[in-house]
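This report refers to the structure that appears directly beneath it.
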Amino acid sequence: MLSLAATPGAFSGSSAGMIVLFTDFGLAGPYTGQIKAVLAREAPDVPVIDLFADAPSRQPKPAAYLLAAYALGFPLSTVFLCVVDPGVGGARAPVVIEADGRFFVGPENGLFELVRRRASAVRIVEITWRPPQLSASFHGRDLFAPVAAMLARGAPPPGETRPPEFGRKPDWPDDLAEIVYIDHYGNAMTGLRAATLSPAAILSIAGQRIARARTFSGVGEGEALWYENSNGLAEIAVNLGRADAALGLKLGTAVSIES
Amino acid sequence: MLSLAATPGAFSGSSAGMIVLFTDFGLAGPYTGQIKAVLAREAPDVPVIDLFADAPSRQPKPAAYLLAAYALGFPLSTVFLCVVDPGVGGARAPVVIEADGRFFVGPENGLFELVRRRASAVRIVEITWRPPQLSASFHGRDLFAPVAAMLARGAPPPGETRPPEFGRKPDWPDDLAEIVYIDHYGNAMTGLRAATLSPAAILSIAGQRIARARTFSGVGEGEALWYENSNGLAEIAVNLGRADAALGLKLGTAVSIES
Amino acid sequence: MLSLAATPGAFSGSSAGMIVLFTDFGLAGPYTGQIKAVLAREAPDVPVIDLFADAPSRQPKPAAYLLAAYALGFPLSTVFLCVVDPGVGGARAPVVIEADGRFFVGPENGLFELVRRRASAVRIVEITWRPPQLSASFHGRDLFAPVAAMLARGAPPPGETRPPEFGRKPDWPDDLAEIVYIDHYGNAMTGLRAATLSPAAILSIAGQRIARARTFSGVGEGEALWYENSNGLAEIAVNLGRADAALGLKLGTAVSIES
């Protein structure tokens, strides 16, 4: 488990609370706004932060590695409202995960697997509360947002505690050797924590071998590097260029480690 | 008219107020931010919600059907700041519409036609107030945002009441049989309220015939369906795929109903 | 220098403060959200406005002309958190600029050159404060955001005043004769202040000669025009069309002035 104190960018203490959105909804379009309208009504004094609105679309597995890396930077008591939910309206359970003092609300489809695995104190609650009206296709607005607001107000998770193995994905690896996110600059994040890699490790991807550098300016213009990003993931970039285009990377591209 | 109580996702009561943005400005770029800066100064304690920043660009007609469907989910006394305004700087009147307890501010170019038509109590006020400085091209910031802030603070609309037929579009249909929005997932919303369609209705679009299902998982992977979306519109999707790409749909594609 | 009073859209007085984001981070993805999480903790009652999240990527020079034009519309005491920082982790100094009562926080790489040049009262402070943990690649979150929060709370810039020539770019022009931003509608902003141009000036760009009009509707559908945009820049548009596609314009396209 990464220690909070050792994480660059980690906040220093516990907090009065914040709701953080981690979804594949996009920021434009109505979905994020409709969720914020619910939160503005139900938890009016709680700041709402857009962390990812472009988590891997409909893919809980890569999203789970991204979420686990980025959640650590937030203060204790933060409530994460997480929706990457291709099975909405189907059988997956709605849950609240409490992990080392932070709360996660969303569908139990693996999205919280790495948060659960890396935390030392974890509780899982299946949400049994239902709103007066529940649409078939938008549980983010109708179910998860009201529950996130309850938690942010200090209420307990509205459901039943389940055993620790509930919904686990034991076959998923501890770190995911593929691209889990490509950012606005074309930088490609892997699902590998840099702290698990040797400083001399070479990442091999799409036919290219890439060495580590500390900053972009540590390599020449147009050259590729990998580095520990500001949330602890191994990330592939091209100095003053776009790694996705230059190296042919996309979500899901496999990476292997030579060290 | 759709009843508020029957609308999935509708809020349960009246409210202390909220300003909702419905524009074709995009979220990136300066326009939405400049409007929010005005609102932060003029109505500092009122939450501002981004509903659509990507309403049909410069097309008030499809935008009108989208707005009417999505406005119903918001509490009474909500102020909608609506800008889809290809004629900015030209002759269209700036207006405030009060419709069943909600307020709409923006250009009178048909954008409010369906809100007006579906409400039981409607008033239209032409805004005669002008700011000290009014740019030719950005009435959203200079005129509509200050007026939205006034309304959110409880002030009356700053203008003159006009007769009910002012600016009406009597030739527009009650429901629009075309695609009015394509979302982040590639799902295609029609301007048809699902409640007006038979459960057995087949939607015919771009050479394909599509049947109704309740949820995505009600059809096989890669198959098309239509369903009542979380705001009451008939929406076309492909399970675990993108309907826009798979079916060749875009904004304005015509749909016909077989039932 | 443009006078504040003469700027369309300028606010009318001093203010209790606001933090304005001007970055090339994009709104989606984690960066803007992580910065807002820091601000929510460190300056909880200060409104945060997204002005540009899509400033010219990694290009401080065109970004500097855009920033100078858009900053004038904000009230005195506004704090601008500005990150267009291709040299992050390298040698450029982190600074606070105080310019005619507004504050700018970010990297000294030319991004503030035009703000400094056009202000009558300017002070530059090199930030010597460092956070307990500073990542190599995300000074926006770790260094600039905490400093912006300090300033918004009324604290002095945490560093050392430098001489007025510190970091200046004396060879940059007063106005930049190229495209510095293309907006959501395809309109192309130049780095030229319209007030410096003759009303009869013709802008020549990409082989086309374009005359001035006051509003879009001043020319026929599909015809090009230039006009003074709502923040004082000369902007090229096509009535009911996209200037970028129709005229072949992109960031950096050169423009020349015939008058």
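For the structure tokens, the naming scheme is as follows: chains receive sequential letters (A, B, ...) according to their order of presentation, residues are indexed from 1 within each chain, and ligands are indexed from 1 in presentation order.
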Using only C-alpha atoms, find each residue of chain C with at least one atom at most 6 Å away from an atom of chain A; report its shortest atom-to-atom pair and that distance in Å (one decimal), sort the rows by chain and rising residue number, and return the result as CSV.
```
residue,atom,partner,partner_atom,distance
C:Ala28,CA,A:Ala53,CA,5.8
C:Gly29,CA,A:Phe52,CA,5.1
C:Pro30,CA,A:Leu51,CA,4.8
C:Gly33,CA,A:Leu51,CA,4.7
C:Gln133,CA,A:Pro8,CA,5.8
C:Ser135,CA,A:Ser230,CA,5.7
```
Pull C-alpha atoms from the residues just selected and write them as an mmCIF file, in the first residue's frame.
```cif
data_model
loop_
_atom_site.group_PDB
_atom_site.id
_atom_site.type_symbol
_atom_site.label_atom_id
_atom_site.label_comp_id
_atom_site.auth_asym_id
_atom_site.auth_seq_id
_atom_site.Cartn_x
_atom_site.Cartn_y
_atom_site.Cartn_z
ATOM 1 C CA ALA C 28 -11.697 16.927 -18.341
ATOM 2 C CA GLY C 29 -8.877 14.892 -16.908
ATOM 3 C CA PRO C 30 -7.711 15.308 -13.354
ATOM 4 C CA GLY C 33 -10.058 19.197 -10.484
ATOM 5 C CA GLN C 133 5.970 18.126 -1.023
ATOM 6 C CA SER C 135 6.107 16.968 -7.485
#
```
Exercise for review: Might you pull out every residue within 7 Å of C:Glu160, with only C-alpha atoms counted and same-chain residues fewer than 4 positions away left off, and present them as a ChimeraX atom specification?
Suggested key: /C:125-128
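Atom CA of B:Ala99 is positioned 15.9 Å from atom CA of B:Leu66.
The gap separating atom CA of A:Pro86 from atom CA of B:Ala71 is 26.1 Å, in Å to one decimal.
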**Study point:** Spatial neighbours of C:Cys82, max dist 8 Å, only C-alpha atoms, sep filter under 4 positions, as a ChimeraX atom specification
**Key:** /C:21-23,104-107
Include N, CA, C and O atoms and write out the residues we just selected as a PDB file, in the first residue's frame.
```pdb
ATOM      1  N   LEU C  21      -8.994  30.664 -13.246  1.00  0.00           N
ATOM      2  CA  LEU C  21      -8.049  29.706 -13.807  1.00  0.00           C
ATOM      3  C   LEU C  21      -7.813  29.965 -15.289  1.00  0.00           C
ATOM      4  O   LEU C  21      -8.768  30.064 -16.072  1.00  0.00           O
ATOM      5  N   PHE C  22      -6.550  30.067 -15.645  1.00  0.00           N
ATOM      6  CA  PHE C  22      -6.144  30.255 -17.038  1.00  0.00           C
ATOM      7  C   PHE C  22      -5.045  29.231 -17.285  1.00  0.00           C
ATOM      8  O   PHE C  22      -3.908  29.414 -16.838  1.00  0.00           O
ATOM      9  N   THR C  23      -5.386  28.116 -17.953  1.00  0.00           N
ATOM     10  CA  THR C  23      -4.428  27.013 -18.103  1.00  0.00           C
ATOM     11  C   THR C  23      -4.587  26.356 -19.474  1.00  0.00           C
ATOM     12  O   THR C  23      -5.518  26.646 -20.225  1.00  0.00           O
ATOM     13  N   PHE C 104      -1.417  37.806 -10.480  1.00  0.00           N
ATOM     14  CA  PHE C 104      -1.206  36.709 -11.431  1.00  0.00           C
ATOM     15  C   PHE C 104      -0.149  35.785 -10.846  1.00  0.00           C
ATOM     16  O   PHE C 104       0.947  36.244 -10.482  1.00  0.00           O
ATOM     17  N   VAL C 105      -0.459  34.486 -10.788  1.00  0.00           N
ATOM     18  CA  VAL C 105       0.457  33.502 -10.230  1.00  0.00           C
ATOM     19  C   VAL C 105       0.773  32.480 -11.309  1.00  0.00           C
ATOM     20  O   VAL C 105      -0.148  31.969 -11.963  1.00  0.00           O
ATOM     21  N   GLY C 106       2.050  32.165 -11.494  1.00  0.00           N
ATOM     22  CA  GLY C 106       2.405  31.139 -12.474  1.00  0.00           C
ATOM     23  C   GLY C 106       3.880  31.183 -12.805  1.00  0.00           C
ATOM     24  O   GLY C 106       4.680  31.808 -12.100  1.00  0.00           O
ATOM     25  N   PRO C 107       4.259  30.514 -13.891  1.00  0.00           N
ATOM     26  CA  PRO C 107       5.656  30.445 -14.284  1.00  0.00           C
ATOM     27  C   PRO C 107       6.098  31.701 -15.045  1.00  0.00           C
ATOM     28  O   PRO C 107       5.347  32.217 -15.867  1.00  0.00           O
TER      29      PRO C 107
END
```
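Picture a line from atom CA of C:Leu76 to atom CA of C:Leu233; it runs 20.9 Å.
Residue nearest A:Ala136, chosen from B:Ala148, B:Val96, B:Ile124, B:Ala213 and counting only C-alpha atoms: B:Ala213.
Near A:Gly167, within 9 Å and counting only C-alpha atoms, sit Arg92, Ala93, Glu108, Asn109, Gly110, Glu113, Pro164, Glu165 and Lys169 of chain A; same-chain residues fewer than 2 positions away were not included.
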Practice item. Enumerate, as a VMD selection string, the complete set of residues in stretch 9-247 of chain C that a backbone-based DSSP assignment places in alpha helix (DSSP H). Key: chain C and resid 30 to 42 60 to 71 113 to 118 139 145 to 152 243 to 247
